[in-house]
file data-v1.pdb (PDB, C-alpha atoms, pLDDT in the B column)
MODEL        1
ATOM      1  CA  GLN G   1      -8.866   5.450 -24.272  1.00 89.00           C
ATOM      2  CA  VAL G   2      -7.923   6.558 -20.744  1.00 91.00           C
ATOM      3  CA  GLN G   3      -9.296   4.094 -18.232  1.00 94.00           C
ATOM      4  CA  LEU G   4      -8.832   2.097 -15.054  1.00 96.00           C
ATOM      5  CA  VAL G   5     -10.288  -1.398 -14.946  1.00 96.00           C
ATOM      6  CA  GLU G   6     -10.642  -3.205 -11.629  1.00 97.00           C
ATOM      7  CA  SER G   7     -10.994  -6.927 -11.068  1.00 97.00           C
ATOM      8  CA  GLY G   8     -10.738  -9.454  -8.265  1.00 97.00           C
ATOM      9  CA  GLY G   9     -13.681  -8.650  -6.035  1.00 96.00           C
ATOM     10  CA  GLY G  10     -15.923 -11.336  -4.605  1.00 97.00           C
ATOM     11  CA  SER G  11     -17.324 -12.875  -1.479  1.00 98.00           C
ATOM     12  CA  VAL G  12     -15.197 -14.264   1.332  1.00 98.00           C
ATOM     13  CA  GLN G  13     -15.604 -15.241   4.962  1.00 98.00           C
ATOM     14  CA  ALA G  14     -14.126 -13.172   7.756  1.00 98.00           C
ATOM     15  CA  GLY G  15     -10.430 -13.877   8.120  1.00 98.00           C
ATOM     16  CA  GLY G  16     -10.029 -14.650   4.441  1.00 98.00           C
ATOM     17  CA  SER G  17      -8.075 -12.912   1.695  1.00 98.00           C
ATOM     18  CA  LEU G  18      -8.680 -11.325  -1.684  1.00 98.00           C
ATOM     19  CA  ARG G  19      -6.455  -9.576  -4.200  1.00 98.00           C
ATOM     20  CA  LEU G  20      -7.770  -6.728  -6.302  1.00 98.00           C
ATOM     21  CA  SER G  21      -6.155  -5.616  -9.549  1.00 98.00           C
ATOM     22  CA  CYS G  22      -6.372  -2.303 -11.391  1.00 97.00           C
ATOM     23  CA  ALA G  23      -5.132  -2.119 -14.973  1.00 96.00           C
ATOM     24  CA  ALA G  24      -4.382   1.376 -16.262  1.00 94.00           C
ATOM     25  CA  SER G  25      -4.323   2.364 -19.892  1.00 89.00           C
ATOM     26  CA  GLY G  26      -4.297   5.416 -22.128  1.00 85.00           C
ATOM     27  CA  TYR G  27      -1.950   7.612 -20.104  1.00 80.00           C
ATOM     28  CA  THR G  28       1.600   7.829 -18.764  1.00 71.00           C
ATOM     29  CA  TYR G  29       1.407   5.379 -15.908  1.00 70.00           C
ATOM     30  CA  SER G  30       5.036   5.479 -14.822  1.00 73.00           C
ATOM     31  CA  SER G  31       4.744   8.657 -12.742  1.00 80.00           C
ATOM     32  CA  ALA G  32       1.427   9.084 -11.020  1.00 90.00           C
ATOM     33  CA  CYS G  33      -0.370   8.663  -7.745  1.00 96.00           C
ATOM     34  CA  MET G  34      -2.759   5.724  -7.749  1.00 96.00           C
ATOM     35  CA  GLY G  35      -4.886   4.300  -5.015  1.00 97.00           C
ATOM     36  CA  TRP G  36      -7.734   2.206  -3.760  1.00 98.00           C
ATOM     37  CA  PHE G  37     -10.873   3.650  -2.237  1.00 98.00           C
ATOM     38  CA  ARG G  38     -14.028   2.071  -0.922  1.00 98.00           C
ATOM     39  CA  GLN G  39     -17.623   2.975  -0.311  1.00 98.00           C
ATOM     40  CA  ALA G  40     -19.967   0.993   1.892  1.00 97.00           C
ATOM     41  CA  PRO G  41     -23.754   1.383   1.605  1.00 93.00           C
ATOM     42  CA  GLY G  42     -24.887   4.593   3.253  1.00 95.00           C
ATOM     43  CA  LYS G  43     -21.337   5.799   3.875  1.00 97.00           C
ATOM     44  CA  GLU G  44     -18.993   8.223   2.198  1.00 97.00           C
ATOM     45  CA  ARG G  45     -16.200   7.057  -0.050  1.00 98.00           C
ATOM     46  CA  GLU G  46     -12.950   6.692   1.868  1.00 98.00           C
ATOM     47  CA  GLY G  47      -9.303   6.177   1.027  1.00 98.00           C
ATOM     48  CA  VAL G  48      -7.776   2.763   1.686  1.00 98.00           C
ATOM     49  CA  ALA G  49      -4.247   2.938   0.277  1.00 98.00           C
ATOM     50  CA  THR G  50      -2.218   4.880  -2.270  1.00 98.00           C
ATOM     51  CA  ILE G  51       1.056   4.273  -4.079  1.00 97.00           C
ATOM     52  CA  THR G  52       3.418   6.416  -6.095  1.00 96.00           C
ATOM     53  CA  THR G  53       3.939   4.394  -9.246  1.00 93.00           C
ATOM     54  CA  GLY G  54       7.406   5.878  -9.773  1.00 92.00           C
ATOM     55  CA  ASN G  55       9.137   5.106  -6.465  1.00 93.00           C
ATOM     56  CA  GLY G  56       6.663   2.711  -4.862  1.00 94.00           C
ATOM     57  CA  ASN G  57       6.046   4.754  -1.700  1.00 96.00           C
ATOM     58  CA  THR G  58       2.816   3.708  -0.017  1.00 98.00           C
ATOM     59  CA  TYR G  59       0.255   5.228   2.341  1.00 98.00           C
ATOM     60  CA  TYR G  60      -2.506   3.453   4.251  1.00 98.00           C
ATOM     61  CA  ALA G  61      -5.631   4.297   6.169  1.00 98.00           C
ATOM     62  CA  ASP G  62      -5.328   3.337   9.832  1.00 97.00           C
ATOM     63  CA  SER G  63      -8.225   0.904   9.488  1.00 97.00           C
ATOM     64  CA  VAL G  64      -6.289  -1.335   7.084  1.00 98.00           C
ATOM     65  CA  LYS G  65      -2.673  -0.981   8.223  1.00 98.00           C
ATOM     66  CA  GLY G  66      -1.081  -4.353   8.780  1.00 98.00           C
ATOM     67  CA  ARG G  67      -3.829  -6.169   6.858  1.00 98.00           C
ATOM     68  CA  PHE G  68      -3.800  -4.665   3.358  1.00 98.00           C
ATOM     69  CA  THR G  69      -0.857  -4.190   1.026  1.00 98.00           C
ATOM     70  CA  ILE G  70      -0.827  -2.014  -2.083  1.00 98.00           C
ATOM     71  CA  SER G  71       1.742  -2.768  -4.774  1.00 98.00           C
ATOM     72  CA  ARG G  72       2.379  -2.133  -8.439  1.00 96.00           C
ATOM     73  CA  ASP G  73       3.821  -3.864 -11.472  1.00 95.00           C
ATOM     74  CA  ASN G  74       5.003  -1.139 -13.822  1.00 92.00           C
ATOM     75  CA  THR G  75       5.643  -3.644 -16.618  1.00 92.00           C
ATOM     76  CA  LYS G  76       1.912  -4.362 -16.642  1.00 93.00           C
ATOM     77  CA  ASN G  77       0.631  -0.857 -15.740  1.00 93.00           C
ATOM     78  CA  THR G  78      -1.228  -2.535 -12.891  1.00 95.00           C
ATOM     79  CA  VAL G  79      -1.772  -1.734  -9.228  1.00 97.00           C
ATOM     80  CA  TYR G  80      -2.815  -4.410  -6.727  1.00 98.00           C
ATOM     81  CA  LEU G  81      -4.464  -4.474  -3.330  1.00 98.00           C
ATOM     82  CA  GLN G  82      -3.778  -7.603  -1.291  1.00 98.00           C
ATOM     83  CA  MET G  83      -6.370  -7.822   1.461  1.00 98.00           C
ATOM     84  CA  ASN G  84      -5.766 -10.244   4.334  1.00 98.00           C
ATOM     85  CA  SER G  85      -7.588 -10.855   7.598  1.00 98.00           C
ATOM     86  CA  LEU G  86     -10.742  -9.436   6.088  1.00 98.00           C
ATOM     87  CA  LYS G  87     -13.508  -8.255   8.399  1.00 98.00           C
ATOM     88  CA  PRO G  88     -17.233  -7.765   7.750  1.00 97.00           C
ATOM     89  CA  GLU G  89     -16.669  -4.015   8.025  1.00 97.00           C
ATOM     90  CA  ASP G  90     -14.418  -4.216   4.953  1.00 98.00           C
ATOM     91  CA  THR G  91     -17.511  -4.954   2.876  1.00 98.00           C
ATOM     92  CA  ALA G  92     -17.796  -2.231   0.239  1.00 98.00           C
ATOM     93  CA  MET G  93     -17.467  -1.324  -3.402  1.00 98.00           C
ATOM     94  CA  TYR G  94     -13.757  -0.861  -4.021  1.00 98.00           C
ATOM     95  CA  TYR G  95     -12.583   1.677  -6.572  1.00 98.00           C
ATOM     96  CA  CYS G  96      -9.236   2.229  -8.201  1.00 98.00           C
ATOM     97  CA  ALA G  97      -8.332   5.870  -8.815  1.00 97.00           C
ATOM     98  CA  ALA G  98      -5.469   7.986 -10.090  1.00 96.00           C
ATOM     99  CA  ASP G  99      -4.137  11.492 -10.197  1.00 95.00           C
ATOM    100  CA  ARG G 100      -2.215  11.338 -13.446  1.00 92.00           C
ATOM    101  CA  TYR G 101      -0.623  14.740 -12.838  1.00 92.00           C
ATOM    102  CA  ALA G 102       0.784  14.087  -9.363  1.00 92.00           C
ATOM    103  CA  ARG G 103       4.316  12.736  -9.472  1.00 87.00           C
ATOM    104  CA  TYR G 104       4.118  11.669  -5.838  1.00 93.00           C
ATOM    105  CA  CYS G 105       1.443  10.526  -3.435  1.00 95.00           C
ATOM    106  CA  SER G 106       1.124  11.638   0.166  1.00 94.00           C
ATOM    107  CA  TYR G 107      -1.352  11.010   2.964  1.00 94.00           C
ATOM    108  CA  ALA G 108      -3.420  13.828   1.440  1.00 95.00           C
ATOM    109  CA  TYR G 109      -4.209  11.607  -1.508  1.00 97.00           C
ATOM    110  CA  LEU G 110      -6.227   9.311   0.725  1.00 97.00           C
ATOM    111  CA  ASN G 111      -8.887  12.003   0.329  1.00 97.00           C
ATOM    112  CA  PRO G 112     -10.988  10.970  -2.693  1.00 98.00           C
ATOM    113  CA  VAL G 113     -11.296  14.564  -3.918  1.00 97.00           C
ATOM    114  CA  ARG G 114      -7.593  14.520  -4.864  1.00 96.00           C
ATOM    115  CA  MET G 115      -8.140  11.843  -7.536  1.00 96.00           C
ATOM    116  CA  GLU G 116      -9.323  12.714 -11.041  1.00 95.00           C
ATOM    117  CA  LEU G 117      -9.636   9.355 -12.801  1.00 96.00           C
ATOM    118  CA  TRP G 118     -11.801   6.504 -11.482  1.00 97.00           C
ATOM    119  CA  GLY G 119     -12.548   2.917 -12.346  1.00 97.00           C
ATOM    120  CA  GLN G 120     -16.010   1.382 -12.311  1.00 97.00           C
ATOM    121  CA  GLY G 121     -15.521  -0.462  -9.010  1.00 97.00           C
ATOM    122  CA  THR G 122     -15.485  -4.061  -7.837  1.00 98.00           C
ATOM    123  CA  LEU G 123     -17.596  -5.402  -4.986  1.00 98.00           C
ATOM    124  CA  VAL G 124     -16.056  -7.049  -1.925  1.00 98.00           C
ATOM    125  CA  THR G 125     -18.363  -8.819   0.513  1.00 98.00           C
ATOM    126  CA  VAL G 126     -17.062 -10.248   3.787  1.00 98.00           C
ATOM    127  CA  SER G 127     -19.395 -12.466   5.776  1.00 98.00           C
ATOM    128  CA  SER G 128     -19.074 -13.268   9.474  1.00 94.00           C
TER     129      SER G 128
ENDMDL
END
call {"tool": "encode", "arguments": {"input": "data-v1.pdb", "output": "structure tokens"}}
result
Amino acid sequence: QVQLVESGGGSVQAGGSLRLSCAASGYTYSSACMGWFRQAPGKEREGVATITTGNGNTYYADSVKGRFTISRDNTKNTVYLQMNSLKPEDTAMYYCAADRYARYCSYAYLNPVRMELWGQGTLVTVSS
């Protein structure tokens, strides 16, 4: 079964940290573009960070640069999002996504329409 399963969301105070995980299964993980996206209530879904699982190249939205880090563990078919210095405006449902047919990511893949496989989401709430 082809799927992405997220975990690690929760509630934290401003300035705190969380780490999200996304476990991929059912497809060739080793060469794909994967990423994290988020959607706050009443807002459109937006790209947060993407990573090429093959060479590890990463791309970030300006709003999270210097605070969030995307990484992968190819032995576990898992992508992570380390979120530090969290702000109330980071509150959102966070989704893991993949384009299984793209060998490489680029800044273009921060656009959600480029991704074709989605997880169910995990909620992150940051209080002030």
call {"tool": "resolve_selection", "arguments": {"input": "data-v1.pdb", "expression": "the PyMOL selection byres ((chain G and resi 20) around 12)", "output": "MDAnalysis selection string"}}
result
chainID G and resid 5:10 17:19 21:23 35:37 68:72 78:84 93:96 121:124
call {"tool": "resolve_selection", "arguments": {"input": "data-v1.pdb", "expression": "the PyMOL selection byres ((chain G and resi 113) around 12)", "output": "ChimeraX atom specification"}}
result
/G:37,44-47,97-99,108-112,114-118
call {"tool": "closest_residue", "arguments": {"input": "data-v1.pdb", "among": "G:Asn77, G:Ser11, G:Gln39, G:Ser85", "to": "Val64 in chain G", "atoms": "all atoms listed in the file"}}
result
G:Ser85
call {"tool": "residues_around", "arguments": {"input": "data-v1.pdb", "residues": "range 103-106 of chain G", "least_positions_apart": "3", "cutoff": "8 Å", "atoms": "all atoms listed in the file", "output": "list of chain:residue names"}}
result
G:Ser31, G:Ala32, G:Cys33, G:Met34, G:Thr50, G:Ile51, G:Thr52, G:Gly54, G:Asn57, G:Thr58, G:Tyr59, G:Arg100, G:Tyr109, G:Leu110
call {"tool": "atom_distance", "arguments": {"input": "data-v1.pdb", "atom1": "CA of Arg38 in chain G", "atom2": "CA of Thr91 in chain G"}}
result
8.7 Å
call {"tool": "atom_distance", "arguments": {"input": "data-v1.pdb", "atom1": "CA of Ala24 in chain G", "atom2": "CA of Asn74 in chain G"}}
result
10.0 Å
call {"tool": "atom_distance", "arguments": {"input": "data-v1.pdb", "atom1": "CA of Ser127 in chain G", "atom2": "CA of Gln13 in chain G"}}
result
4.8 Å
call {"tool": "closest_residue", "arguments": {"input": "data-v1.pdb", "among": "G:Ala102, G:Tyr27, G:Thr125, G:Ala49", "to": "Leu86 in chain G", "atoms": "all atoms listed in the file"}}
result
G:Thr125
call {"tool": "closest_residue", "arguments": {"input": "data-v1.pdb", "among": "G:Gly56, G:Pro88, G:Gly15, G:Gly119", "to": "Gln3 in chain G", "atoms": "all atoms listed in the file"}}
result
G:Gly119
call {"tool": "closest_residue", "arguments": {"input": "data-v1.pdb", "among": "G:Tyr107, G:Thr28, G:Ala14, G:Gln1", "to": "Val48 in chain G", "atoms": "all atoms listed in the file"}}
result
G:Tyr107
call {"tool": "closest_residue", "arguments": {"input": "data-v1.pdb", "among": "G:Ala40, G:Ser25, G:Lys87, G:Ser63", "to": "Val2 in chain G", "atoms": "all atoms listed in the file"}}
result
G:Ser25
call {"tool": "axis_aligned_box", "arguments": {"input": "data-v1.pdb", "around": "range 41-50 of chain G", "padding_each_side": "4 Å", "output": "JSON"}}
result
{"center_x": -13.6, "center_y": 4.8, "center_z": 0.8, "size_x": 30.7, "size_y": 14.8, "size_z": 14.1}
call {"tool": "closest_residue", "arguments": {"input": "data-v1.pdb", "among": "G:Lys65, G:Asn55, G:Val126, G:Ser30", "to": "Glu89 in chain G", "atoms": "all atoms listed in the file"}}
result
G:Val126
call {"tool": "decode", "arguments": {"input": "data-v1.pdb", "residues": "range 22-62 of chain G", "atoms": "N, CA and C atoms", "output": "compact mmCIF listing (two decimals), in the first residue's frame"}}
result
# COMPACT_ATOMS: atom_id res chain seq x y z
N CYS G 22 7.79 11.57 8.89
CA CYS G 22 6.94 11.10 7.81
C CYS G 22 7.53 9.80 7.28
N ALA G 23 6.83 8.71 7.52
CA ALA G 23 7.28 7.39 7.08
C ALA G 23 6.61 7.05 5.76
N ALA G 24 7.43 6.74 4.75
CA ALA G 24 6.93 6.41 3.42
C ALA G 24 6.98 4.91 3.20
N SER G 25 5.98 4.41 2.51
CA SER G 25 5.97 2.99 2.20
C SER G 25 5.23 2.74 0.90
N GLY G 26 5.55 1.61 0.27
CA GLY G 26 4.82 1.17 -0.92
C GLY G 26 5.33 1.71 -2.23
N TYR G 27 6.47 2.45 -2.21
CA TYR G 27 7.01 2.94 -3.47
C TYR G 27 8.52 3.10 -3.32
N THR G 28 9.18 3.40 -4.45
CA THR G 28 10.63 3.57 -4.45
C THR G 28 10.98 4.91 -3.85
N TYR G 29 11.38 4.86 -2.58
CA TYR G 29 11.62 6.09 -1.83
C TYR G 29 12.94 6.74 -2.19
N SER G 30 13.91 5.97 -2.65
CA SER G 30 15.29 6.43 -2.73
C SER G 30 15.50 7.59 -3.69
N SER G 31 14.60 7.81 -4.63
CA SER G 31 14.77 8.90 -5.59
C SER G 31 13.42 9.57 -5.79
N ALA G 32 13.18 10.59 -5.01
CA ALA G 32 11.90 11.28 -5.07
C ALA G 32 12.07 12.66 -4.45
N CYS G 33 11.08 13.49 -4.68
CA CYS G 33 11.01 14.78 -4.00
C CYS G 33 9.96 14.66 -2.92
N MET G 34 10.34 14.94 -1.70
CA MET G 34 9.40 14.89 -0.58
C MET G 34 9.43 16.22 0.16
N GLY G 35 8.34 16.52 0.84
CA GLY G 35 8.30 17.80 1.51
C GLY G 35 7.24 17.89 2.58
N TRP G 36 7.31 19.00 3.27
CA TRP G 36 6.33 19.34 4.31
C TRP G 36 5.57 20.58 3.89
N PHE G 37 4.27 20.53 4.11
CA PHE G 37 3.37 21.61 3.78
C PHE G 37 2.49 21.88 4.99
N ARG G 38 1.89 23.04 5.05
CA ARG G 38 1.01 23.33 6.17
C ARG G 38 -0.19 24.14 5.72
N GLN G 39 -1.25 24.00 6.49
CA GLN G 39 -2.47 24.75 6.20
C GLN G 39 -3.08 25.21 7.51
N ALA G 40 -3.13 26.52 7.68
CA ALA G 40 -3.77 27.12 8.84
C ALA G 40 -5.25 27.34 8.54
N PRO G 41 -6.08 27.42 9.58
CA PRO G 41 -7.51 27.64 9.36
C PRO G 41 -7.77 28.88 8.53
N GLY G 42 -8.57 28.73 7.49
CA GLY G 42 -8.93 29.85 6.65
C GLY G 42 -7.88 30.27 5.65
N LYS G 43 -6.78 29.53 5.59
CA LYS G 43 -5.69 29.90 4.66
C LYS G 43 -5.43 28.77 3.68
N GLU G 44 -4.74 29.10 2.61
CA GLU G 44 -4.37 28.09 1.63
C GLU G 44 -3.20 27.27 2.13
N ARG G 45 -3.10 26.06 1.60
CA ARG G 45 -1.96 25.21 1.93
C ARG G 45 -0.70 25.83 1.33
N GLU G 46 0.39 25.80 2.09
CA GLU G 46 1.63 26.39 1.63
C GLU G 46 2.81 25.46 1.86
N GLY G 47 3.82 25.59 1.03
CA GLY G 47 5.02 24.78 1.18
C GLY G 47 5.90 25.29 2.30
N VAL G 48 6.48 24.38 3.06
CA VAL G 48 7.37 24.71 4.17
C VAL G 48 8.82 24.36 3.80
N ALA G 49 9.03 23.12 3.39
CA ALA G 49 10.38 22.66 3.04
C ALA G 49 10.27 21.40 2.19
N THR G 50 11.24 21.23 1.29
CA THR G 50 11.31 20.01 0.49
C THR G 50 12.73 19.47 0.49
N ILE G 51 12.84 18.18 0.19
CA ILE G 51 14.15 17.53 0.16
C ILE G 51 14.17 16.49 -0.94
N THR G 52 15.27 16.43 -1.67
CA THR G 52 15.48 15.36 -2.63
C THR G 52 16.02 14.17 -1.87
N THR G 53 15.29 13.07 -1.85
CA THR G 53 15.72 11.95 -1.02
C THR G 53 17.03 11.34 -1.51
N GLY G 54 17.34 11.49 -2.80
CA GLY G 54 18.57 10.92 -3.33
C GLY G 54 19.82 11.66 -2.87
N ASN G 55 19.88 12.98 -3.10
CA ASN G 55 21.12 13.70 -2.77
C ASN G 55 21.00 14.61 -1.56
N GLY G 56 19.82 14.70 -0.97
CA GLY G 56 19.65 15.47 0.26
C GLY G 56 19.52 16.97 0.08
N ASN G 57 19.47 17.47 -1.16
CA ASN G 57 19.31 18.91 -1.35
C ASN G 57 17.99 19.38 -0.75
N THR G 58 18.01 20.56 -0.13
CA THR G 58 16.85 21.06 0.57
C THR G 58 16.45 22.45 0.09
N TYR G 59 15.17 22.76 0.27
CA TYR G 59 14.60 24.05 -0.12
C TYR G 59 13.61 24.45 0.96
N TYR G 60 13.62 25.75 1.31
CA TYR G 60 12.80 26.24 2.40
C TYR G 60 11.99 27.47 1.99
N ALA G 61 10.81 27.58 2.58
CA ALA G 61 10.07 28.83 2.48
C ALA G 61 10.77 29.89 3.31
N ASP G 62 10.70 31.13 2.87
CA ASP G 62 11.38 32.21 3.59
C ASP G 62 10.91 32.32 5.04
